[in-house]
Amino acid sequence: MKKQFIIIGIVLLFICVGLSGCEESADDTSKFIGTWKWGEETLTFFSDGTYDRNNFSGIYEIKNEKLVLGGTNEPSLTSVYYYSFSDNDSKLTLTPEEGGLTTVLLKQ
């Protein structure tokens, strides 16, 4: 009987850990909303899943724990980034999936 409780406890622990990882990505979407700046450039994320980058509009989504930016009229202009937040979610670090320079943006 004691073994069964231990096995059930371990299974429940794995379920809780697995579900908490899925929920985090959903929470990350709200962290993006707002205007971010690096150098003279700005990137604004809206709650409807669209973004504006220096007069270029597009759509964005969080997919497989990556930020996917796509052009509204140009689907071929899709960019995928690894992302991380720091400094109480006021700093966003983006690294292109295909390699390249990392960009650090500050929330305005």
# chains A, B, ... in the order shown; residues from 1 in each chain; ligands from 1
>>> residues_around(residues="Lys66 of chain A", least_positions_apart="3", cutoff="6 Å", atoms="only C-alpha atoms", output="list in words")
Ile62, Lys63, Tyr81 and Tyr82 of chain A
>>> write_last_selection(atoms="C-alpha atoms", output="compact mmCIF listing (two decimals), in the first residue's frame")
# COMPACT_ATOMS: atom_id res chain seq x y z
CA ILE A 62 4.76 32.46 -29.09
CA LYS A 63 5.32 29.00 -30.55
CA TYR A 81 13.77 34.30 -32.08
CA TYR A 82 14.73 32.70 -28.81
>>> residues_around(residues="Thr102 of chain A", least_positions_apart="3", cutoff="7 Å", atoms="only C-alpha atoms", output="list in words")
Thr93, Leu94 and Thr95 of chain A
>>> atom_distance(atom1="atom CA of Gly99 of chain A", atom2="atom CA of Asp48 of chain A")
28.5 Å
>>> atom_distance(atom1="atom CA of Asp52 of chain A", atom2="atom CA of Val80 of chain A")
16.0 Å
>>> residues_around(residues="Glu41 of chain A", least_positions_apart="4", cutoff="8 Å", atoms="only C-alpha atoms", output="list of chain:residue names")
A:Lys37, A:Arg53, A:Asn54
>>> residues_around(residues="segment 68-72 of chain A", least_positions_apart="6", cutoff="7 Å", atoms="only C-alpha atoms", output="list in words")
Ser57, Gly58, Ile59, Tyr60, Glu61, Ile62, Thr78, Ser79, Val80 and Tyr81 of chain A
>>> write_last_selection(atoms="N, CA and C atoms", output="compact mmCIF listing (two decimals), in the first residue's frame")
# COMPACT_ATOMS: atom_id res chain seq x y z
N SER A 57 4.17 46.65 -40.15
CA SER A 57 3.23 45.91 -39.32
C SER A 57 3.31 44.42 -39.60
N GLY A 58 2.95 43.65 -38.61
CA GLY A 58 2.95 42.21 -38.78
C GLY A 58 2.18 41.53 -37.67
N ILE A 59 2.27 40.21 -37.63
CA ILE A 59 1.65 39.42 -36.59
C ILE A 59 2.74 38.67 -35.82
N TYR A 60 2.43 38.37 -34.56
CA TYR A 60 3.40 37.63 -33.75
C TYR A 60 2.68 36.55 -32.96
N GLU A 61 3.45 35.55 -32.56
CA GLU A 61 2.94 34.51 -31.68
C GLU A 61 4.11 33.86 -30.95
N ILE A 62 3.79 33.25 -29.83
CA ILE A 62 4.76 32.46 -29.09
C ILE A 62 4.49 31.02 -29.47
N THR A 78 9.05 35.89 -42.31
CA THR A 78 8.91 35.38 -40.95
C THR A 78 10.28 35.25 -40.30
N SER A 79 10.38 35.73 -39.06
CA SER A 79 11.61 35.62 -38.27
C SER A 79 11.28 34.92 -36.97
N VAL A 80 12.18 34.05 -36.52
CA VAL A 80 11.98 33.30 -35.28
C VAL A 80 13.13 33.61 -34.33
N TYR A 81 12.78 33.90 -33.07
CA TYR A 81 13.77 34.30 -32.08
C TYR A 81 13.60 33.49 -30.79
>>> closest_residue(among="A:Pro96, A:Leu101, A:Leu67, A:Gln108", to="Thr44 of chain A", atoms="only C-alpha atoms")
A:Gln108
>>> decode(residues="segment 24-73 of chain A", atoms="N, CA and C atoms", output="PDB file, in the first residue's frame")
ATOM      1  N   GLU A  24       3.440  28.616 -18.522  1.00  0.00           N
ATOM      2  CA  GLU A  24       4.399  29.713 -18.578  1.00  0.00           C
ATOM      3  C   GLU A  24       4.413  30.386 -19.938  1.00  0.00           C
ATOM      4  N   SER A  25       4.385  29.633 -21.036  1.00  0.00           N
ATOM      5  CA  SER A  25       4.392  30.214 -22.368  1.00  0.00           C
ATOM      6  C   SER A  25       3.192  31.121 -22.583  1.00  0.00           C
ATOM      7  N   ALA A  26       2.033  30.717 -22.067  1.00  0.00           N
ATOM      8  CA  ALA A  26       0.842  31.546 -22.210  1.00  0.00           C
ATOM      9  C   ALA A  26       1.029  32.865 -21.463  1.00  0.00           C
ATOM     10  N   ASP A  27       1.655  32.813 -20.294  1.00  0.00           N
ATOM     11  CA  ASP A  27       1.902  34.025 -19.522  1.00  0.00           C
ATOM     12  C   ASP A  27       2.908  34.928 -20.222  1.00  0.00           C
ATOM     13  N   ASP A  28       3.862  34.359 -20.940  1.00  0.00           N
ATOM     14  CA  ASP A  28       4.881  35.155 -21.617  1.00  0.00           C
ATOM     15  C   ASP A  28       4.288  36.094 -22.653  1.00  0.00           C
ATOM     16  N   THR A  29       3.194  35.711 -23.288  1.00  0.00           N
ATOM     17  CA  THR A  29       2.597  36.558 -24.310  1.00  0.00           C
ATOM     18  C   THR A  29       2.275  37.938 -23.752  1.00  0.00           C
ATOM     19  N   SER A  30       1.719  37.995 -22.568  1.00  0.00           N
ATOM     20  CA  SER A  30       1.361  39.289 -21.975  1.00  0.00           C
ATOM     21  C   SER A  30       2.601  40.121 -21.628  1.00  0.00           C
ATOM     22  N   LYS A  31       3.724  39.484 -21.410  1.00  0.00           N
ATOM     23  CA  LYS A  31       4.957  40.219 -21.093  1.00  0.00           C
ATOM     24  C   LYS A  31       5.447  41.037 -22.286  1.00  0.00           C
ATOM     25  N   PHE A  32       5.147  40.595 -23.488  1.00  0.00           N
ATOM     26  CA  PHE A  32       5.605  41.295 -24.684  1.00  0.00           C
ATOM     27  C   PHE A  32       4.843  42.600 -24.929  1.00  0.00           C
ATOM     28  N   ILE A  33       3.563  42.650 -24.525  1.00  0.00           N
ATOM     29  CA  ILE A  33       2.691  43.767 -24.875  1.00  0.00           C
ATOM     30  C   ILE A  33       3.260  45.089 -24.369  1.00  0.00           C
ATOM     31  N   GLY A  34       3.358  46.041 -25.294  1.00  0.00           N
ATOM     32  CA  GLY A  34       3.909  47.353 -24.988  1.00  0.00           C
ATOM     33  C   GLY A  34       4.964  47.736 -26.013  1.00  0.00           C
ATOM     34  N   THR A  35       5.632  48.841 -25.753  1.00  0.00           N
ATOM     35  CA  THR A  35       6.662  49.343 -26.673  1.00  0.00           C
ATOM     36  C   THR A  35       8.041  49.053 -26.105  1.00  0.00           C
ATOM     37  N   TRP A  36       8.899  48.521 -26.966  1.00  0.00           N
ATOM     38  CA  TRP A  36      10.276  48.172 -26.624  1.00  0.00           C
ATOM     39  C   TRP A  36      11.198  48.995 -27.506  1.00  0.00           C
ATOM     40  N   LYS A  37      12.342  49.357 -26.980  1.00  0.00           N
ATOM     41  CA  LYS A  37      13.258  50.208 -27.735  1.00  0.00           C
ATOM     42  C   LYS A  37      14.689  49.691 -27.611  1.00  0.00           C
ATOM     43  N   TRP A  38      15.420  49.810 -28.726  1.00  0.00           N
ATOM     44  CA  TRP A  38      16.870  49.567 -28.739  1.00  0.00           C
ATOM     45  C   TRP A  38      17.437  50.546 -29.744  1.00  0.00           C
ATOM     46  N   GLY A  39      18.414  51.297 -29.317  1.00  0.00           N
ATOM     47  CA  GLY A  39      18.969  52.347 -30.179  1.00  0.00           C
ATOM     48  C   GLY A  39      17.867  53.318 -30.569  1.00  0.00           C
ATOM     49  N   GLU A  40      17.738  53.589 -31.847  1.00  0.00           N
ATOM     50  CA  GLU A  40      16.703  54.489 -32.361  1.00  0.00           C
ATOM     51  C   GLU A  40      15.456  53.741 -32.829  1.00  0.00           C
ATOM     52  N   GLU A  41      15.457  52.416 -32.726  1.00  0.00           N
ATOM     53  CA  GLU A  41      14.343  51.621 -33.228  1.00  0.00           C
ATOM     54  C   GLU A  41      13.372  51.257 -32.113  1.00  0.00           C
ATOM     55  N   THR A  42      12.102  51.107 -32.491  1.00  0.00           N
ATOM     56  CA  THR A  42      11.079  50.681 -31.545  1.00  0.00           C
ATOM     57  C   THR A  42      10.310  49.491 -32.112  1.00  0.00           C
ATOM     58  N   LEU A  43       9.815  48.690 -31.209  1.00  0.00           N
ATOM     59  CA  LEU A  43       9.008  47.523 -31.551  1.00  0.00           C
ATOM     60  C   LEU A  43       7.841  47.507 -30.571  1.00  0.00           C
ATOM     61  N   THR A  44       6.617  47.610 -31.085  1.00  0.00           N
ATOM     62  CA  THR A  44       5.429  47.646 -30.234  1.00  0.00           C
ATOM     63  C   THR A  44       4.589  46.402 -30.483  1.00  0.00           C
ATOM     64  N   PHE A  45       4.298  45.683 -29.399  1.00  0.00           N
ATOM     65  CA  PHE A  45       3.439  44.500 -29.454  1.00  0.00           C
ATOM     66  C   PHE A  45       2.061  44.885 -28.923  1.00  0.00           C
ATOM     67  N   PHE A  46       1.014  44.486 -29.638  1.00  0.00           N
ATOM     68  CA  PHE A  46      -0.358  44.763 -29.241  1.00  0.00           C
ATOM     69  C   PHE A  46      -1.028  43.475 -28.766  1.00  0.00           C
ATOM     70  N   SER A  47      -2.056  43.618 -27.944  1.00  0.00           N
ATOM     71  CA  SER A  47      -2.725  42.446 -27.362  1.00  0.00           C
ATOM     72  C   SER A  47      -3.496  41.622 -28.386  1.00  0.00           C
ATOM     73  N   ASP A  48      -3.740  42.165 -29.575  1.00  0.00           N
ATOM     74  CA  ASP A  48      -4.475  41.415 -30.608  1.00  0.00           C
ATOM     75  C   ASP A  48      -3.575  40.521 -31.459  1.00  0.00           C
ATOM     76  N   GLY A  49      -2.290  40.403 -31.078  1.00  0.00           N
ATOM     77  CA  GLY A  49      -1.373  39.526 -31.813  1.00  0.00           C
ATOM     78  C   GLY A  49      -0.669  40.203 -32.966  1.00  0.00           C
ATOM     79  N   THR A  50      -0.748  41.531 -33.043  1.00  0.00           N
ATOM     80  CA  THR A  50      -0.047  42.273 -34.094  1.00  0.00           C
ATOM     81  C   THR A  50       1.101  43.076 -33.469  1.00  0.00           C
ATOM     82  N   TYR A  51       2.013  43.499 -34.322  1.00  0.00           N
ATOM     83  CA  TYR A  51       3.113  44.331 -33.865  1.00  0.00           C
ATOM     84  C   TYR A  51       3.420  45.382 -34.919  1.00  0.00           C
ATOM     85  N   ASP A  52       4.143  46.405 -34.496  1.00  0.00           N
ATOM     86  CA  ASP A  52       4.592  47.465 -35.392  1.00  0.00           C
ATOM     87  C   ASP A  52       6.060  47.716 -35.105  1.00  0.00           C
ATOM     88  N   ARG A  53       6.862  47.704 -36.142  1.00  0.00           N
ATOM     89  CA  ARG A  53       8.291  47.970 -36.003  1.00  0.00           C
ATOM     90  C   ARG A  53       8.660  49.044 -37.006  1.00  0.00           C
ATOM     91  N   ASN A  54       8.826  50.254 -36.526  1.00  0.00           N
ATOM     92  CA  ASN A  54       9.219  51.377 -37.374  1.00  0.00           C
ATOM     93  C   ASN A  54       8.408  51.418 -38.671  1.00  0.00           C
ATOM     94  N   ASN A  55       7.101  51.501 -38.542  1.00  0.00           N
ATOM     95  CA  ASN A  55       6.165  51.614 -39.669  1.00  0.00           C
ATOM     96  C   ASN A  55       6.015  50.334 -40.485  1.00  0.00           C
ATOM     97  N   PHE A  56       6.449  49.199 -39.971  1.00  0.00           N
ATOM     98  CA  PHE A  56       6.202  47.901 -40.596  1.00  0.00           C
ATOM     99  C   PHE A  56       5.300  47.116 -39.661  1.00  0.00           C
ATOM    100  N   SER A  57       4.171  46.648 -40.154  1.00  0.00           N
ATOM    101  CA  SER A  57       3.230  45.908 -39.321  1.00  0.00           C
ATOM    102  C   SER A  57       3.315  44.421 -39.601  1.00  0.00           C
ATOM    103  N   GLY A  58       2.953  43.651 -38.610  1.00  0.00           N
ATOM    104  CA  GLY A  58       2.946  42.206 -38.784  1.00  0.00           C
ATOM    105  C   GLY A  58       2.184  41.531 -37.665  1.00  0.00           C
ATOM    106  N   ILE A  59       2.275  40.212 -37.631  1.00  0.00           N
ATOM    107  CA  ILE A  59       1.648  39.418 -36.591  1.00  0.00           C
ATOM    108  C   ILE A  59       2.735  38.675 -35.822  1.00  0.00           C
ATOM    109  N   TYR A  60       2.434  38.373 -34.557  1.00  0.00           N
ATOM    110  CA  TYR A  60       3.404  37.633 -33.749  1.00  0.00           C
ATOM    111  C   TYR A  60       2.681  36.554 -32.957  1.00  0.00           C
ATOM    112  N   GLU A  61       3.452  35.554 -32.560  1.00  0.00           N
ATOM    113  CA  GLU A  61       2.942  34.509 -31.681  1.00  0.00           C
ATOM    114  C   GLU A  61       4.109  33.862 -30.948  1.00  0.00           C
ATOM    115  N   ILE A  62       3.786  33.253 -29.831  1.00  0.00           N
ATOM    116  CA  ILE A  62       4.761  32.461 -29.088  1.00  0.00           C
ATOM    117  C   ILE A  62       4.490  31.020 -29.469  1.00  0.00           C
ATOM    118  N   LYS A  63       5.492  30.383 -30.059  1.00  0.00           N
ATOM    119  CA  LYS A  63       5.321  29.005 -30.548  1.00  0.00           C
ATOM    120  C   LYS A  63       6.558  28.208 -30.166  1.00  0.00           C
ATOM    121  N   ASN A  64       6.357  27.103 -29.468  1.00  0.00           N
ATOM    122  CA  ASN A  64       7.468  26.254 -29.027  1.00  0.00           C
ATOM    123  C   ASN A  64       8.504  27.060 -28.253  1.00  0.00           C
ATOM    124  N   GLU A  65       8.010  27.947 -27.385  1.00  0.00           N
ATOM    125  CA  GLU A  65       8.855  28.785 -26.534  1.00  0.00           C
ATOM    126  C   GLU A  65       9.775  29.699 -27.334  1.00  0.00           C
ATOM    127  N   LYS A  66       9.330  30.099 -28.538  1.00  0.00           N
ATOM    128  CA  LYS A  66      10.074  31.041 -29.378  1.00  0.00           C
ATOM    129  C   LYS A  66       9.116  32.129 -29.841  1.00  0.00           C
ATOM    130  N   LEU A  67       9.653  33.311 -30.105  1.00  0.00           N
ATOM    131  CA  LEU A  67       8.873  34.416 -30.642  1.00  0.00           C
ATOM    132  C   LEU A  67       8.916  34.342 -32.160  1.00  0.00           C
ATOM    133  N   VAL A  68       7.745  34.298 -32.781  1.00  0.00           N
ATOM    134  CA  VAL A  68       7.652  34.231 -34.235  1.00  0.00           C
ATOM    135  C   VAL A  68       7.041  35.543 -34.729  1.00  0.00           C
ATOM    136  N   LEU A  69       7.799  36.282 -35.537  1.00  0.00           N
ATOM    137  CA  LEU A  69       7.328  37.536 -36.128  1.00  0.00           C
ATOM    138  C   LEU A  69       7.093  37.303 -37.604  1.00  0.00           C
ATOM    139  N   GLY A  70       5.899  37.659 -38.075  1.00  0.00           N
ATOM    140  CA  GLY A  70       5.574  37.481 -39.481  1.00  0.00           C
ATOM    141  C   GLY A  70       5.025  38.756 -40.081  1.00  0.00           C
ATOM    142  N   GLY A  71       5.211  38.910 -41.379  1.00  0.00           N
ATOM    143  CA  GLY A  71       4.657  40.053 -42.084  1.00  0.00           C
ATOM    144  C   GLY A  71       3.195  39.825 -42.397  1.00  0.00           C
ATOM    145  N   THR A  72       2.385  40.858 -42.263  1.00  0.00           N
ATOM    146  CA  THR A  72       0.955  40.735 -42.544  1.00  0.00           C
ATOM    147  C   THR A  72       0.720  40.402 -44.001  1.00  0.00           C
ATOM    148  N   ASN A  73       1.371  41.117 -44.895  1.00  0.00           N
ATOM    149  CA  ASN A  73       1.183  40.902 -46.330  1.00  0.00           C
ATOM    150  C   ASN A  73       2.298  40.074 -46.955  1.00  0.00           C
TER     151      ASN A  73
END
